[in-house]
$ cat query23.cif   # mmCIF, C-alpha atoms
data_my_file
loop_
_atom_site.label_atom_id
_atom_site.label_comp_id
_atom_site.auth_asym_id
_atom_site.auth_seq_id
_atom_site.Cartn_x
_atom_site.Cartn_y
_atom_site.Cartn_z
CA MET A 7 0.00 0.00 0.00
CA MET A 8 1.19 3.52 -0.81
CA ILE A 9 0.69 6.55 1.46
CA ILE A 10 0.10 9.96 -0.10
CA THR A 11 -0.32 13.15 1.90
CA PHE A 12 -2.35 16.13 0.72
CA SER A 13 -0.83 19.33 2.03
CA ALA A 14 -3.10 22.08 0.67
CA PRO A 15 -6.61 22.76 -0.66
CA ARG A 16 -7.71 21.90 -4.19
CA ARG A 17 -6.79 25.23 -5.75
CA ALA A 18 -3.12 24.79 -4.85
CA VAL A 19 -0.76 21.93 -5.56
CA LEU A 20 -2.13 19.15 -3.39
CA LEU A 21 0.15 16.16 -3.31
CA THR A 22 3.35 16.34 -1.31
CA ALA A 23 6.28 14.31 -2.47
CA TRP A 24 6.47 11.48 0.02
CA ALA A 25 5.20 7.98 -0.51
CA VAL A 26 6.09 4.83 1.40
CA ALA A 27 5.28 1.29 0.38
CA PHE A 28 4.16 -1.14 3.02
CA LEU A 29 1.92 -4.16 3.57
CA THR A 30 3.68 -5.72 0.59
CA MET A 31 2.48 -9.10 1.62
CA LEU A 32 -1.03 -7.98 0.65
CA ALA A 33 -0.18 -6.10 -2.52
CA ALA A 34 0.41 -7.83 -5.84
CA PRO A 35 0.55 -6.78 -9.48
CA ALA A 36 -2.71 -6.81 -11.39
CA MET A 37 -3.45 -10.35 -12.47
CA ALA A 38 -4.07 -11.26 -16.10
CA GLN A 39 -7.78 -11.67 -15.46
CA LEU A 40 -8.13 -8.12 -14.14
CA ARG A 41 -7.34 -6.30 -17.38
CA ILE A 42 -9.29 -4.35 -19.99
CA ASP A 43 -7.80 -3.87 -23.45
CA ILE A 44 -8.99 -0.36 -24.29
CA THR A 45 -7.58 -0.53 -27.82
CA LYS A 46 -10.54 -2.68 -28.86
CA GLY A 47 -13.57 -1.18 -30.56
CA ASN A 48 -16.79 -1.81 -28.64
CA ILE A 49 -15.68 -2.91 -25.18
CA GLN A 50 -17.91 -4.92 -22.86
CA PRO A 51 -17.86 -3.09 -19.50
CA MET A 52 -16.19 -4.95 -16.63
CA PRO A 53 -18.51 -5.74 -13.68
CA ILE A 54 -17.05 -4.01 -10.62
CA ALA A 55 -18.25 -3.59 -7.04
CA VAL A 56 -17.48 -0.36 -5.16
CA THR A 57 -18.48 -0.67 -1.52
CA ASP A 58 -19.09 2.22 0.87
CA PHE A 59 -15.85 3.13 2.65
CA PHE A 60 -16.09 1.92 6.23
CA PRO A 61 -16.04 4.74 8.84
CA VAL A 62 -13.41 3.83 11.44
CA THR A 63 -14.41 6.91 13.45
CA PRO A 64 -18.11 7.55 14.14
CA GLY A 65 -19.75 10.28 12.11
CA GLU A 66 -17.82 9.72 8.88
CA ALA A 67 -20.29 7.29 7.29
CA ARG A 68 -21.70 9.92 4.93
CA ILE A 69 -18.26 10.71 3.51
CA GLY A 70 -17.63 6.98 3.00
CA GLU A 71 -20.91 6.64 1.10
CA ASP A 72 -20.28 9.75 -0.98
CA MET A 73 -16.75 8.66 -1.90
CA ALA A 74 -17.99 5.29 -3.12
CA GLN A 75 -20.65 7.03 -5.20
CA VAL A 76 -18.12 9.37 -6.86
CA ILE A 77 -15.68 6.52 -7.59
CA ALA A 78 -18.42 4.35 -9.11
CA ALA A 79 -19.76 7.26 -11.19
CA ASP A 80 -16.29 8.06 -12.55
CA LEU A 81 -15.69 4.47 -13.59
CA GLU A 82 -19.16 4.08 -15.08
CA ARG A 83 -18.86 7.24 -17.19
CA SER A 84 -15.67 5.90 -18.78
CA GLY A 85 -17.77 3.22 -20.44
CA LEU A 86 -15.26 0.55 -19.38
CA PHE A 87 -16.85 -0.46 -16.08
CA LYS A 88 -20.29 -1.55 -14.91
CA PRO A 89 -20.64 -0.81 -11.16
CA LEU A 90 -23.11 -3.19 -9.54
CA ASP A 91 -26.04 -2.09 -7.42
CA LYS A 92 -25.00 -2.12 -3.75
CA ARG A 93 -28.23 -3.89 -2.85
CA ALA A 94 -26.82 -7.02 -4.50
CA PHE A 95 -23.77 -7.14 -2.21
CA ILE A 96 -23.65 -10.10 0.16
CA GLN A 97 -20.65 -9.00 2.22
CA LYS A 98 -20.96 -5.65 3.99
CA PRO A 99 -18.25 -2.93 4.30
CA ASP A 100 -17.46 -3.71 7.94
CA GLN A 101 -16.86 -7.36 7.00
CA LEU A 102 -14.27 -6.40 4.36
CA ARG A 103 -11.68 -4.89 6.70
CA VAL A 104 -9.51 -8.03 6.70
CA GLN A 105 -10.09 -9.74 3.38
CA PRO A 106 -13.08 -10.37 1.08
CA ARG A 107 -14.93 -13.62 0.91
CA PHE A 108 -14.29 -13.93 -2.79
CA VAL A 109 -16.97 -16.56 -3.33
CA ASP A 110 -19.59 -14.01 -2.21
CA TRP A 111 -18.48 -11.66 -4.99
CA ARG A 112 -18.07 -14.26 -7.71
CA VAL A 113 -21.64 -15.42 -7.19
CA ILE A 114 -22.88 -11.97 -8.27
CA ASN A 115 -20.45 -11.92 -11.23
CA VAL A 116 -18.03 -9.32 -9.81
CA GLN A 117 -14.56 -9.33 -11.40
CA ALA A 118 -13.05 -6.39 -9.50
CA LEU A 119 -13.86 -5.24 -5.98
CA VAL A 120 -13.07 -1.89 -4.33
CA ASN A 121 -13.31 -1.34 -0.60
CA GLY A 122 -11.83 1.14 1.84
CA ASN A 123 -11.77 2.77 5.26
CA ILE A 124 -11.96 6.41 6.35
CA GLU A 125 -10.79 7.79 9.67
CA LEU A 126 -10.74 11.29 11.14
CA LEU A 127 -7.43 11.62 12.97
CA ALA A 128 -6.78 13.58 16.16
CA ASP A 129 -4.94 16.30 14.19
CA GLY A 130 -8.03 16.92 12.04
CA ARG A 131 -6.77 15.14 8.94
CA LEU A 132 -8.86 12.59 7.08
CA LYS A 133 -7.15 9.25 6.45
CA VAL A 134 -8.51 7.29 3.49
CA GLU A 135 -7.40 3.76 2.62
CA PHE A 136 -8.60 1.76 -0.35
CA ARG A 137 -7.88 -1.61 -1.91
CA LEU A 138 -8.60 -3.02 -5.34
CA TRP A 139 -9.11 -6.78 -5.41
CA ASP A 140 -8.89 -9.19 -8.32
CA VAL A 141 -11.84 -11.41 -7.42
CA LEU A 142 -11.06 -14.19 -9.91
CA ALA A 143 -7.42 -14.48 -8.81
CA GLU A 144 -8.33 -13.82 -5.12
CA ARG A 145 -5.48 -11.33 -4.82
CA GLN A 146 -5.07 -7.64 -4.02
CA ALA A 147 -4.16 -5.69 -7.15
CA THR A 148 -3.28 -2.39 -5.49
CA GLY A 149 -3.75 -0.42 -2.30
CA LEU A 150 -3.27 3.24 -1.36
CA ALA A 151 -3.63 5.46 1.67
CA TYR A 152 -4.26 9.22 1.55
CA PHE A 153 -4.12 11.94 4.19
CA SER A 154 -5.84 15.26 3.66
CA THR A 155 -8.45 17.60 5.10
CA PRO A 156 -12.03 16.29 5.13
CA ALA A 157 -12.96 18.97 2.58
CA ASN A 158 -10.79 17.19 -0.01
CA TRP A 159 -12.74 13.93 0.10
CA ARG A 160 -14.12 14.38 -3.43
CA ARG A 161 -10.70 14.86 -4.97
CA ILE A 162 -9.40 11.79 -3.15
CA ALA A 163 -12.30 9.83 -4.65
CA HIS A 164 -11.27 10.96 -8.15
CA ILE A 165 -7.66 9.94 -7.49
CA VAL A 166 -8.81 6.53 -6.26
CA ALA A 167 -10.82 6.13 -9.47
CA ASP A 168 -7.70 7.09 -11.47
CA ALA A 169 -5.66 4.45 -9.63
CA ILE A 170 -8.28 1.78 -10.39
CA TYR A 171 -8.49 2.84 -14.04
CA LYS A 172 -4.71 2.70 -14.48
CA ASN A 173 -4.29 -0.63 -12.73
CA ILE A 174 -6.92 -2.33 -14.87
CA THR A 175 -6.33 -0.63 -18.23
CA GLY A 176 -2.63 0.19 -18.03
CA GLU A 177 -3.46 3.79 -19.06
CA ASP A 178 -3.48 6.95 -16.95
CA GLY A 179 -6.88 7.96 -15.65
CA TYR A 180 -8.46 11.36 -16.23
CA PHE A 181 -10.87 11.77 -13.34
CA ASP A 182 -8.74 14.14 -11.24
CA THR A 183 -9.04 16.89 -13.85
CA ARG A 184 -11.04 20.02 -14.54
CA VAL A 185 -12.80 21.58 -17.51
CA VAL A 186 -13.00 25.26 -18.36
CA TYR A 187 -15.74 26.38 -20.74
CA ILE A 188 -18.02 29.26 -21.74
CA GLY A 189 -21.30 29.39 -19.80
CA GLU A 190 -24.06 30.91 -21.92
CA SER A 191 -27.39 32.40 -20.89
CA GLY A 192 -30.00 34.88 -22.09
CA PRO A 193 -31.72 35.38 -25.46
CA GLN A 194 -29.80 34.67 -28.65
CA ASN A 195 -29.56 38.36 -29.60
CA ARG A 196 -28.24 39.36 -26.14
CA ARG A 197 -26.20 36.34 -25.17
CA VAL A 198 -24.26 36.53 -21.90
CA LYS A 199 -21.05 34.49 -22.00
CA ARG A 200 -19.04 33.83 -18.85
CA LEU A 201 -15.85 31.92 -18.22
CA ALA A 202 -16.59 28.89 -16.01
CA ILE A 203 -14.64 26.03 -14.47
CA MET A 204 -15.67 22.70 -12.95
CA ASP A 205 -14.39 19.23 -12.17
CA GLN A 206 -14.63 16.83 -15.09
CA ASP A 207 -17.81 15.35 -13.60
CA GLY A 208 -19.50 18.77 -13.28
CA ALA A 209 -18.92 19.17 -9.53
CA ASN A 210 -17.32 22.23 -7.86
CA HIS A 211 -18.71 24.50 -10.55
CA LYS A 212 -17.63 28.14 -10.49
CA PHE A 213 -18.04 31.16 -12.78
CA LEU A 214 -14.76 33.05 -13.19
CA THR A 215 -16.10 36.16 -14.95
CA ASP A 216 -19.26 38.19 -14.35
CA GLY A 217 -20.64 38.31 -17.89
CA LYS A 218 -20.18 42.06 -18.41
CA VAL A 219 -17.59 41.36 -21.11
CA LEU A 220 -18.00 38.79 -23.89
CA VAL A 221 -15.48 35.96 -23.40
CA LEU A 222 -14.59 33.18 -25.83
CA THR A 223 -12.42 30.10 -26.37
CA PRO A 224 -10.59 29.41 -23.10
CA ARG A 225 -7.51 27.17 -23.13
CA PHE A 226 -5.52 25.58 -20.28
CA SER A 227 -1.82 26.05 -19.78
CA PRO A 228 0.19 22.81 -19.56
CA THR A 229 0.80 23.72 -15.90
CA SER A 230 -2.98 23.57 -15.28
CA GLN A 231 -2.82 26.76 -13.21
CA GLU A 232 -3.37 29.32 -15.97
CA ILE A 233 -6.03 29.83 -18.62
CA THR A 234 -5.75 31.93 -21.72
CA TYR A 235 -8.97 33.27 -23.22
CA MET A 236 -10.22 35.96 -25.55
CA ALA A 237 -12.53 38.80 -24.46
CA TYR A 238 -13.96 41.76 -26.31
CA PHE A 239 -12.96 44.96 -24.51
CA ASN A 240 -14.52 48.08 -26.11
CA ASP A 241 -15.38 45.88 -29.09
CA ARG A 242 -11.71 44.94 -29.57
CA PRO A 243 -10.42 41.37 -29.05
CA ARG A 244 -8.06 41.20 -26.12
CA VAL A 245 -6.29 38.09 -24.85
CA TYR A 246 -5.99 37.46 -21.11
CA LEU A 247 -4.05 35.11 -18.87
CA PHE A 248 -6.06 34.03 -15.83
CA ASN A 249 -4.42 32.39 -12.80
CA ILE A 250 -6.85 29.85 -11.36
CA ASP A 251 -5.27 29.75 -7.91
CA THR A 252 -5.04 33.49 -7.28
CA GLY A 253 -7.88 34.75 -9.45
CA GLN A 254 -5.55 37.34 -10.94
CA GLN A 255 -5.61 38.10 -14.63
CA ALA A 256 -3.18 39.86 -16.93
CA VAL A 257 -3.57 41.23 -20.44
CA LEU A 258 -1.51 39.29 -22.95
CA GLY A 259 -2.22 41.84 -25.68
CA ASP A 260 -4.73 43.58 -27.93
CA PHE A 261 -5.15 41.79 -31.23
CA PRO A 262 -7.61 43.62 -33.52
CA GLY A 263 -7.07 41.07 -36.27
CA MET A 264 -7.42 37.92 -34.18
CA THR A 265 -9.40 35.19 -35.92
CA PHE A 266 -8.78 32.33 -33.49
CA ALA A 267 -7.90 32.41 -29.80
CA PRO A 268 -4.44 31.31 -28.63
CA ARG A 269 -3.37 27.88 -27.51
CA PHE A 270 -0.35 27.24 -25.33
CA SER A 271 2.75 25.48 -26.57
CA PRO A 272 3.55 22.22 -24.74
CA ASP A 273 6.23 23.92 -22.62
CA GLY A 274 3.85 26.76 -21.68
CA ASN A 275 6.29 29.44 -22.86
CA ARG A 276 4.47 30.44 -26.03
CA VAL A 277 0.98 30.81 -27.41
CA ILE A 278 0.01 30.19 -31.00
CA MET A 279 -2.86 32.00 -32.73
CA SER A 280 -4.27 33.19 -36.01
CA LEU A 281 -4.06 36.94 -36.77
CA ALA A 282 -5.48 38.84 -39.73
CA GLN A 283 -3.28 41.59 -41.09
CA ASN A 284 -4.13 43.57 -44.21
CA GLY A 285 -7.03 41.23 -44.84
CA ASN A 286 -4.94 38.06 -44.66
CA SER A 287 -5.11 35.51 -41.81
CA ASP A 288 -1.89 33.73 -40.89
CA ILE A 289 -0.47 31.71 -37.97
CA HIS A 290 1.63 33.58 -35.40
CA THR A 291 3.30 32.71 -32.10
CA MET A 292 4.01 34.92 -29.11
CA ASP A 293 6.79 34.30 -26.61
CA LEU A 294 5.17 34.88 -23.20
CA ARG A 295 8.47 35.94 -21.65
CA THR A 296 9.42 38.59 -24.22
CA ARG A 297 6.00 39.23 -25.83
CA LYS A 298 7.72 38.89 -29.21
CA VAL A 299 5.34 37.88 -32.02
CA THR A 300 6.63 35.65 -34.84
CA ARG A 301 4.78 34.97 -38.06
CA LEU A 302 4.83 31.31 -39.15
CA THR A 303 2.70 31.28 -42.34
CA ASP A 304 2.55 33.79 -45.17
CA HIS A 305 -0.14 32.75 -47.62
CA PRO A 306 -3.01 34.59 -49.33
CA ALA A 307 -5.44 31.95 -48.03
CA ILE A 308 -6.98 31.86 -44.54
CA ASP A 309 -4.77 29.91 -42.09
CA THR A 310 -6.36 29.46 -38.69
CA SER A 311 -7.04 27.29 -35.60
CA PRO A 312 -3.47 26.06 -34.95
CA SER A 313 -2.58 23.39 -32.37
CA TYR A 314 0.83 22.05 -31.33
CA ALA A 315 1.83 18.40 -31.26
CA PRO A 316 2.67 17.32 -27.68
CA ASP A 317 6.41 17.33 -28.47
CA GLY A 318 6.17 20.88 -29.82
CA LYS A 319 7.82 19.93 -33.12
CA ARG A 320 4.76 20.13 -35.39
CA ILE A 321 1.61 22.20 -35.73
CA VAL A 322 -1.77 21.28 -37.22
CA PHE A 323 -4.05 24.00 -38.59
CA ASN A 324 -6.84 24.44 -41.08
CA SER A 325 -6.62 26.46 -44.29
CA ASP A 326 -8.56 27.03 -47.48
CA ARG A 327 -5.36 27.32 -49.52
CA GLY A 328 -6.43 24.24 -51.49
CA GLY A 329 -9.83 25.72 -52.37
CA THR A 330 -11.79 24.28 -49.44
CA GLN A 331 -11.26 24.26 -45.67
CA GLN A 332 -8.85 21.38 -44.97
CA LEU A 333 -6.27 20.29 -42.39
CA TYR A 334 -2.54 20.87 -42.78
CA VAL A 335 0.54 20.00 -40.73
CA MET A 336 3.79 21.99 -40.66
CA ASP A 337 6.91 22.08 -38.53
CA SER A 338 7.15 24.43 -35.56
CA GLU A 339 8.98 27.07 -37.62
CA GLY A 340 6.30 27.16 -40.34
CA GLY A 341 8.07 24.98 -42.90
CA ASP A 342 7.30 21.63 -44.58
CA VAL A 343 3.54 22.30 -44.94
CA LYS A 344 1.56 19.19 -45.89
CA ARG A 345 -2.18 18.67 -46.38
CA ILE A 346 -3.51 15.69 -44.43
CA SER A 347 -7.30 15.72 -45.06
CA PHE A 348 -8.57 14.63 -48.49
CA LYS A 349 -12.07 13.25 -48.00
CA GLU A 350 -15.29 15.06 -48.85
CA GLY A 351 -16.41 17.87 -46.56
CA ARG A 352 -14.79 20.76 -44.72
CA TYR A 353 -12.53 20.39 -41.69
CA ALA A 354 -12.03 22.77 -38.75
CA THR A 355 -10.79 23.16 -35.12
CA PRO A 356 -8.05 20.51 -35.20
CA VAL A 357 -6.54 19.53 -31.85
CA TRP A 358 -3.54 17.26 -31.40
CA SER A 359 -3.96 14.42 -28.92
CA PRO A 360 -1.78 14.60 -25.78
CA ARG A 361 -0.56 11.12 -26.75
CA GLY A 362 0.54 12.43 -30.16
CA ASP A 363 -1.12 9.58 -32.04
CA LEU A 364 -4.28 11.31 -33.28
CA ILE A 365 -5.71 14.67 -34.32
CA ALA A 366 -9.32 15.47 -33.44
CA PHE A 367 -11.36 17.80 -35.64
CA THR A 368 -14.77 19.15 -36.56
CA LYS A 369 -16.07 18.06 -39.96
CA ILE A 370 -18.95 19.56 -41.92
CA HIS A 371 -20.38 17.34 -44.64
CA GLN A 372 -23.81 17.24 -46.30
CA GLY A 373 -25.31 19.65 -43.78
CA LYS A 374 -24.18 17.64 -40.74
CA PHE A 375 -21.45 18.31 -38.19
CA HIS A 376 -19.17 15.56 -36.91
CA ILE A 377 -16.41 15.14 -34.35
CA GLY A 378 -13.75 12.88 -35.78
CA VAL A 379 -10.14 11.75 -35.43
CA MET A 380 -7.35 10.88 -37.84
CA ARG A 381 -3.68 10.01 -37.60
CA PRO A 382 -1.18 12.87 -38.08
CA ASP A 383 -0.49 11.63 -41.61
CA GLY A 384 -4.19 11.86 -42.46
CA GLN A 385 -4.80 8.11 -42.47
CA GLY A 386 -7.41 6.26 -40.41
CA GLU A 387 -10.11 8.94 -40.35
CA ARG A 388 -13.04 7.98 -38.12
CA LEU A 389 -16.16 10.02 -37.32
CA LEU A 390 -17.32 9.62 -33.72
CA SER A 391 -20.43 11.82 -33.63
CA GLU A 392 -23.03 13.41 -35.88
CA SER A 393 -25.63 16.10 -35.21
CA TYR A 394 -27.08 19.43 -36.28
CA LEU A 395 -23.93 21.10 -34.87
CA ASP A 396 -21.05 19.41 -33.03
CA GLU A 397 -17.94 21.53 -32.61
CA ALA A 398 -14.70 22.33 -30.75
CA PRO A 399 -13.29 19.00 -29.53
CA THR A 400 -10.91 18.94 -26.56
CA TRP A 401 -8.90 15.94 -25.34
CA ALA A 402 -8.88 14.34 -21.92
CA PRO A 403 -5.23 14.30 -20.79
CA ASN A 404 -4.93 10.55 -21.33
CA GLY A 405 -5.92 10.90 -24.99
CA ARG A 406 -8.79 8.39 -24.78
CA VAL A 407 -11.83 10.68 -24.39
CA LEU A 408 -13.01 13.83 -26.17
CA MET A 409 -15.34 16.58 -25.00
CA PHE A 410 -17.15 18.98 -27.34
CA PHE A 411 -20.26 21.13 -27.47
CA ARG A 412 -23.47 20.29 -29.32
CA GLN A 413 -26.09 22.79 -30.41
CA THR A 414 -29.72 21.99 -31.15
CA PRO A 415 -31.81 24.31 -33.31
CA GLY A 416 -34.62 26.52 -32.03
CA ASP A 417 -37.57 28.12 -33.79
CA ALA A 418 -37.33 31.00 -36.26
CA GLN A 419 -36.59 33.39 -33.39
CA GLY A 420 -34.00 31.09 -31.89
CA LYS A 421 -36.21 30.10 -28.96
CA GLY A 422 -35.69 26.56 -27.71
CA ALA A 423 -32.14 26.31 -29.01
CA THR A 424 -29.65 24.68 -26.66
CA SER A 425 -25.89 24.31 -26.38
CA ARG A 426 -24.56 21.51 -24.21
CA LEU A 427 -21.29 19.73 -23.46
CA TYR A 428 -20.82 16.07 -24.36
CA SER A 429 -18.03 13.54 -23.99
CA ILE A 430 -17.29 10.55 -26.18
CA ASP A 431 -14.51 7.99 -26.11
CA LEU A 432 -12.49 6.82 -29.09
CA THR A 433 -14.79 3.85 -29.70
CA GLY A 434 -17.61 6.28 -30.54
CA PHE A 435 -20.02 4.18 -28.42
CA ASN A 436 -19.95 6.12 -25.15
CA LEU A 437 -21.62 9.50 -25.78
CA ARG A 438 -22.63 11.27 -22.55
CA GLU A 439 -23.85 14.73 -21.65
CA VAL A 440 -21.74 16.68 -19.15
CA VAL A 441 -24.34 18.56 -17.13
CA THR A 442 -23.80 22.30 -16.59
CA PRO A 443 -26.06 24.87 -14.89
CA THR A 444 -26.43 26.93 -18.10
CA ASP A 445 -25.88 26.41 -21.79
CA ALA A 446 -22.23 25.71 -22.54
CA SER A 447 -19.71 25.91 -25.36
CA ASP A 448 -15.96 25.85 -26.10
CA PRO A 449 -14.77 23.33 -23.49
CA ALA A 450 -11.08 22.85 -22.68
CA TRP A 451 -9.83 19.92 -20.60
CA SER A 452 -7.05 20.47 -18.06
CA PRO A 453 -3.84 18.45 -17.98
CA LEU A 454 -3.48 15.84 -15.27
CA SER A 455 -3.03 17.40 -11.84
CA THR A 456 0.55 17.46 -10.63
CA PRO A 457 1.33 15.60 -7.36
#
$ encode --input "query23.cif" --output "structure tokens"
Amino acid sequence: MMIITFSAPRRAVLLTAWAVAFLTMLAAPAMAQLRIDITKGNIQPMPIAVTDFFPVTPGEARIGEDMAQVIAADLERSGLFKPLDKRAFIQKPDQLRVQPRFVDWRVINVQALVNGNIELLADGRLKVEFRLWDVLAERQATGLAYFSTPANWRRIAHIVADAIYKNITGEDGYFDTRVVYIGESGPQNRRVKRLAIMDQDGANHKFLTDGKVLVLTPRFSPTSQEITYMAYFNDRPRVYLFNIDTGQQAVLGDFPGMTFAPRFSPDGNRVIMSLAQNGNSDIHTMDLRTRKVTRLTDHPAIDTSPSYAPDGKRIVFNSDRGGTQQLYVMDSEGGDVKRISFKEGRYATPVWSPRGDLIAFTKIHQGKFHIGVMRPDGQGERLLSESYLDEAPTWAPNGRVLMFFRQTPGDAQGKGATSRLYSIDLTGFNLREVVTPTDASDPAWSPLSTP
């Protein structure tokens, strides 16, 4: 079992850098049976049991129940796991403190079992222990212990879900992450747009701006602590940097010709954007340390919506230089430009996967909008969604799930129209709405939180 201490609230760096392994006689590597191959197409969800965490100290039962609910919901939303109804459990949480009776779990078809304990210590910290059991092999697959304040119970639950996900799939989880987006409200001709942030499951929702200024297209820094976004100040596009921890914002610059909001480079030292000068839109970068702007493309066509590869060596963007709106890849200095999309339709908003293996995009074809993916060489195009309007994909930091916004049409006056966030995994079979308090657009997923 590993011990991890949380030293500060959620809005600061939480995990301190000490971890000690113990109880090795109980821990064992994940057995062959307890494994999901997430490279397959339509995956059959693994039956898993998540029991309420047993309250060692009286009065903590509600936290134990809530943690189990968050963990189960995270795993279920991934589409890879099928949490069983707790009413089917034969063995109760207090009976699991030593070791499960595996036969009781096999009889209800459980393959993986999660149990844990919570304890409020004398110094006010909350101690959380959990174990993941391989029911078929009758072995413990992993075990962790966390120390934090009671207020951080939800984040611990997400981290537990990440640990389970990684142990069973071999891939990093994405549950301990956040999403920034544009919250929309009001009539279509007087739309109020506010910058908002929430956990990936919609919890801990917070508006970051008051709606007095129109804001658009937020993007996370690779550090996860800063957001860049565009706002119209006196009807002029201005780019801001917003520090999530402090709430402070700084003006990056006024860009009258901006046609697409900036994205950060992988090292966080630059932003890349599309600027229109003398009626021509080209790709530019700005060094955040010197504020120096460098032009990367110089073409009479419209070059826009650039996105870096995770190694920073290449850039994908869309351009109509070939006659229609298509996707192109170039090196980080603007050279070696190659078209990668050749199928029917128009392509927009490309975003490079954090794994580097795929590029997500919006495609418009025969009056329908799609979210799709292709390899960086343009091969292997697959469309994952289709609707009246799907747009602006953003990657989960493990590169296995996409989030985007979907609009539905209203009447002739625009009444009844909606804009909502959705997630879908790379199989295309796990489409789910991400519930927000208002209409929503332009989501951006955070990187993984840093321990």
$ resolve_selection --input "query23.cif" --expression "the PyMOL selection byres ((chain A and resi 133-140) around 8)" --output "VMD selection string"
chain A and resid 36 to 37 39 to 40 59 117 to 127 131 to 132 141 to 154 166 170
$ resolve_selection --input "query23.cif" --expression "the PyMOL selection byres ((chain A and resi 228-232) around 6)" --output "PDB file with C-alpha atoms, in the coordinates of the input"
ATOM      1  CA  PHE A 226      -5.520  25.580 -20.280  1.00  0.00           C
ATOM      2  CA  SER A 227      -1.820  26.050 -19.780  1.00  0.00           C
ATOM      3  CA  ILE A 233      -6.030  29.830 -18.620  1.00  0.00           C
ATOM      4  CA  PHE A 248      -6.060  34.030 -15.830  1.00  0.00           C
ATOM      5  CA  ASN A 249      -4.420  32.390 -12.800  1.00  0.00           C
ATOM      6  CA  ILE A 250      -6.850  29.850 -11.360  1.00  0.00           C
ATOM      7  CA  GLY A 274       3.850  26.760 -21.680  1.00  0.00           C
ATOM      8  CA  SER A 452      -7.050  20.470 -18.060  1.00  0.00           C
ATOM      9  CA  PRO A 453      -3.840  18.450 -17.980  1.00  0.00           C
TER      10      PRO A 453
END
$ atom_distance --input "query23.cif" --atom1 "atom CA of Val245 of chain A" --atom2 "atom CA of Thr291 of chain A"
13.2 Å
$ resolve_selection --input "query23.cif" --expression "the PyMOL selection byres ((chain A and resi 428) around 6)" --output "ChimeraX atom specification"
/A:409-411,427,429,438-440
$ residues_near_point --input "query23.cif" --point "(-17.8, 6.9, -27.1)" --cutoff "12 Å" --atoms "all atoms listed in the file" --output "short mmCIF file (atom, residue, chain, number, x, y, z; two decimals) with C-alpha atoms, in the frame of the given file"
data_model
loop_
_atom_site.label_atom_id
_atom_site.label_comp_id
_atom_site.auth_asym_id
_atom_site.auth_seq_id
_atom_site.Cartn_x
_atom_site.Cartn_y
_atom_site.Cartn_z
CA ILE A 44 -8.99 -0.36 -24.29
CA GLY A 47 -13.57 -1.18 -30.56
CA ASN A 48 -16.79 -1.81 -28.64
CA ILE A 49 -15.68 -2.91 -25.18
CA ARG A 83 -18.86 7.24 -17.19
CA SER A 84 -15.67 5.90 -18.78
CA GLY A 85 -17.77 3.22 -20.44
CA LEU A 86 -15.26 0.55 -19.38
CA ILE A 377 -16.41 15.14 -34.35
CA GLY A 378 -13.75 12.88 -35.78
CA LEU A 389 -16.16 10.02 -37.32
CA LEU A 390 -17.32 9.62 -33.72
CA SER A 391 -20.43 11.82 -33.63
CA ARG A 406 -8.79 8.39 -24.78
CA VAL A 407 -11.83 10.68 -24.39
CA LEU A 408 -13.01 13.83 -26.17
CA MET A 409 -15.34 16.58 -25.00
CA TYR A 428 -20.82 16.07 -24.36
CA SER A 429 -18.03 13.54 -23.99
CA ILE A 430 -17.29 10.55 -26.18
CA ASP A 431 -14.51 7.99 -26.11
CA LEU A 432 -12.49 6.82 -29.09
CA THR A 433 -14.79 3.85 -29.70
CA GLY A 434 -17.61 6.28 -30.54
CA PHE A 435 -20.02 4.18 -28.42
CA ASN A 436 -19.95 6.12 -25.15
CA LEU A 437 -21.62 9.50 -25.78
CA ARG A 438 -22.63 11.27 -22.55
CA GLU A 439 -23.85 14.73 -21.65
#
$ closest_residue --input "query23.cif" --among "A:Arg107, A:Arg361, A:Arg412, A:Arg426" --to "Glu190 of chain A" --atoms "all atoms listed in the file"
A:Arg426
$ atom_distance --input "query23.cif" --atom1 "atom CA of Gln332 of chain A" --atom2 "atom CA of Ala446 of chain A"
26.5 Å
$ residues_around --input "query23.cif" --residues "Arg184 of chain A" --least-positions-apart "6" --cutoff "8 Å" --atoms "all atoms listed in the file" --output "ChimeraX atom specification"
/A:203-206,451-452
$ atom_distance --input "query23.cif" --atom1 "atom CA of Thr296 of chain A" --atom2 "atom CA of Tyr246 of chain A"
15.8 Å
$ closest_residue --input "query23.cif" --among "A:Met292, A:Leu90, A:Ala55, A:Ala450" --to "Arg276 of chain A" --atoms "only C-alpha atoms"
A:Met292
$ closest_residue --input "query23.cif" --among "A:Pro382, A:Thr234, A:Ala163, A:Glu392" --to "Ile370 of chain A" --atoms "all atoms listed in the file"
A:Glu392
$ closest_residue --input "query23.cif" --among "A:Gly328, A:Pro99, A:Gly340, A:Pro156" --to "Leu302 of chain A" --atoms "all atoms listed in the file"
A:Gly340
$ residues_around --input "query23.cif" --residues "Val299 of chain A" --least-positions-apart "3" --cutoff "12 Å" --atoms "all atoms listed in the file" --output "ChimeraX atom specification"
/A:258-259,261,276-281,289-296,302
